[in-house]
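**Q** Once you've had a glance at the structure underneath, I'll fire off some questions.
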Amino acid sequence: MNKFRAIPRKTSTKKLKVCTGPGCRAWESKKVLDLCWRFKKRTNGAEAVQVIPVRCLNKCGGGAVVRLSPSETLLKLREPEEAFGVLNQNC
Ligand code: FES
C-alpha cells in the first residue's frame, strides 16, 4: 500500500464572470475587472472566488454585467465600485 496519498487541491468553485463585451465596456467593465483583481490580491482571496473575463453574456444594457456561479446570479453594475459589494458578499 502506498503511504503517500494524493491530497486533492482545494480549488474555488465560485466564479465571478465579468463581461468585457462592447456594451459592458461602455459601463466600465474593464475597471470592474481591474477592481476585482485588485480586491482579490489585497484580500488574498485567490481561493475564494475566481474572477474571469468573458465575452458578451447577451444581457447587454443597464450596467456592466457580471454573473456569479454556481448560483448563476446576474448583476448589472452601474458603478465599477459596486464590484466591492459583490465580492464582499461572496468571498
Ligand atoms: S456586452 Fe456585456 S452582456 Fe453584452
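FYI, nothing fancy with the C-alpha cells labels: chains A, B, ... in order, residues from 1 per chain, ligands from 1 as they appear.
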How close does each residue of chain A get to ligand 1, giving the shortest atom pair and distance in Å to one decimal for every residue with an atom at most 9 Å away, counting only C-alpha atoms and all ligand atoms, sorted by chain and residue number, as a tab-separated table?

**A**
residue	atom	partner	partner_atom_place_in_ligand_line	distance
A:Val18	CA	ligand 1	2 (Fe)	8.1
A:Cys19	CA	ligand 1	2 (Fe)	4.7
A:Thr20	CA	ligand 1	2 (Fe)	6.0
A:Gly21	CA	ligand 1	1 (S)	3.6
A:Pro22	CA	ligand 1	1 (S)	4.8
A:Gly23	CA	ligand 1	1 (S)	3.8
A:Cys24	CA	ligand 1	2 (Fe)	4.2
A:Arg25	CA	ligand 1	1 (S)	7.0
A:Ala26	CA	ligand 1	1 (S)	8.5
A:Trp27	CA	ligand 1	2 (Fe)	9.0
A:Ser29	CA	ligand 1	2 (Fe)	8.3
A:Val54	CA	ligand 1	2 (Fe)	8.6
A:Arg55	CA	ligand 1	2 (Fe)	7.0
A:Cys56	CA	ligand 1	4 (Fe)	3.9
A:Leu57	CA	ligand 1	3 (S)	4.1
A:Asn58	CA	ligand 1	3 (S)	4.4
A:Lys59	CA	ligand 1	3 (S)	4.1
A:Cys60	CA	ligand 1	4 (Fe)	3.8
A:Gly61	CA	ligand 1	3 (S)	7.0
A:Gly63	CA	ligand 1	2 (Fe)	8.3
A:Ala64	CA	ligand 1	2 (Fe)	6.3
A:Val65	CA	ligand 1	2 (Fe)	5.4
A:Val66	CA	ligand 1	2 (Fe)	8.2

**Q** Write the selection just made, keeping C-alpha atoms, as an mmCIF file, in the first residue's frame?

**A**
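Done, and the output landed in part06.cif:
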data_model
loop_
_atom_site.group_PDB
_atom_site.id
_atom_site.type_symbol
_atom_site.label_atom_id
_atom_site.label_comp_id
_atom_site.auth_asym_id
_atom_site.auth_seq_id
_atom_site.Cartn_x
_atom_site.Cartn_y
_atom_site.Cartn_z
ATOM 1 C CA VAL A 18 -17.192 39.809 -15.813
ATOM 2 C CA CYS A 19 -18.452 40.662 -19.281
ATOM 3 C CA THR A 20 -15.955 42.546 -21.398
ATOM 4 C CA GLY A 21 -18.182 42.880 -24.447
ATOM 5 C CA PRO A 22 -18.628 46.254 -26.131
ATOM 6 C CA GLY A 23 -21.879 47.117 -24.327
ATOM 7 C CA CYS A 24 -20.397 46.447 -20.904
ATOM 8 C CA ARG A 25 -17.132 48.172 -21.713
ATOM 9 C CA ALA A 26 -19.230 51.328 -22.098
ATOM 10 C CA TRP A 27 -20.214 50.746 -18.440
ATOM 11 C CA SER A 29 -16.459 46.669 -17.166
ATOM 12 C CA VAL A 54 -15.826 36.726 -20.592
ATOM 13 C CA ARG A 55 -17.283 37.874 -23.873
ATOM 14 C CA CYS A 56 -20.797 39.218 -24.221
ATOM 15 C CA LEU A 57 -23.281 37.413 -21.971
ATOM 16 C CA ASN A 58 -26.192 38.574 -24.162
ATOM 17 C CA LYS A 59 -27.697 40.665 -21.367
ATOM 18 C CA CYS A 60 -26.410 43.989 -22.635
ATOM 19 C CA GLY A 61 -27.524 47.304 -21.259
ATOM 20 C CA GLY A 63 -24.736 48.332 -16.473
ATOM 21 C CA ALA A 64 -21.639 46.178 -16.598
ATOM 22 C CA VAL A 65 -22.902 42.595 -16.461
ATOM 23 C CA VAL A 66 -21.377 40.126 -14.016
#

**Q** Excluding segment 12-17 of chain A and residues on its chain fewer than 5 positions from it, collect all residues at most 7 Å away from it, counting only C-alpha atoms, and give them as a CSV table (one decimal) with C-alpha atoms, in the first residue's frame.

**A**
chain,number,residue,atom,x,y,z
A,47,GLU,CA,-9.1,30.6,-3.3
A,48,ALA,CA,-12.4,32.2,-2.5
A,49,VAL,CA,-13.6,33.2,-5.9
A,50,GLN,CA,-12.3,33.1,-9.4
A,51,VAL,CA,-12.6,36.3,-11.4
A,52,ILE,CA,-12.9,35.6,-15.1
A,53,PRO,CA,-13.3,38.0,-18.1
A,54,VAL,CA,-15.8,36.7,-20.6
A,66,VAL,CA,-21.4,40.1,-14.0
A,67,ARG,CA,-22.5,36.6,-13.4
A,68,LEU,CA,-21.9,34.6,-10.2
A,69,SER,CA,-21.5,30.9,-10.4
A,70,PRO,CA,-22.7,28.4,-9.3

**Q** Would you give me, as a compact mmCIF listing (two decimals) with C-alpha atoms, in the first residue's frame, the residues in segment 13-80 of chain A that DSSP reads as strand (DSSP E)?

**A**
# COMPACT_ATOMS: atom_id res chain seq x y z
CA LYS A 15 -16.73 32.19 -10.15
CA LEU A 16 -17.36 35.80 -10.95
CA LYS A 17 -17.62 36.22 -14.70
CA VAL A 18 -17.19 39.81 -15.81
CA CYS A 19 -18.45 40.66 -19.28
CA GLN A 50 -12.26 33.15 -9.44
CA VAL A 51 -12.62 36.34 -11.45
CA ILE A 52 -12.94 35.56 -15.14
CA PRO A 53 -13.32 37.99 -18.05
CA VAL A 54 -15.83 36.73 -20.59
CA ALA A 64 -21.64 46.18 -16.60
CA VAL A 65 -22.90 42.60 -16.46
CA VAL A 66 -21.38 40.13 -14.02
CA ARG A 67 -22.51 36.56 -13.42
CA LEU A 68 -21.92 34.65 -10.22
CA SER A 69 -21.50 30.88 -10.38
CA THR A 73 -26.99 35.23 -10.41
CA LEU A 74 -26.78 38.02 -12.95
CA LEU A 75 -25.97 41.54 -11.79
CA LYS A 76 -25.68 44.81 -13.64
CA LEU A 77 -23.21 47.19 -12.07
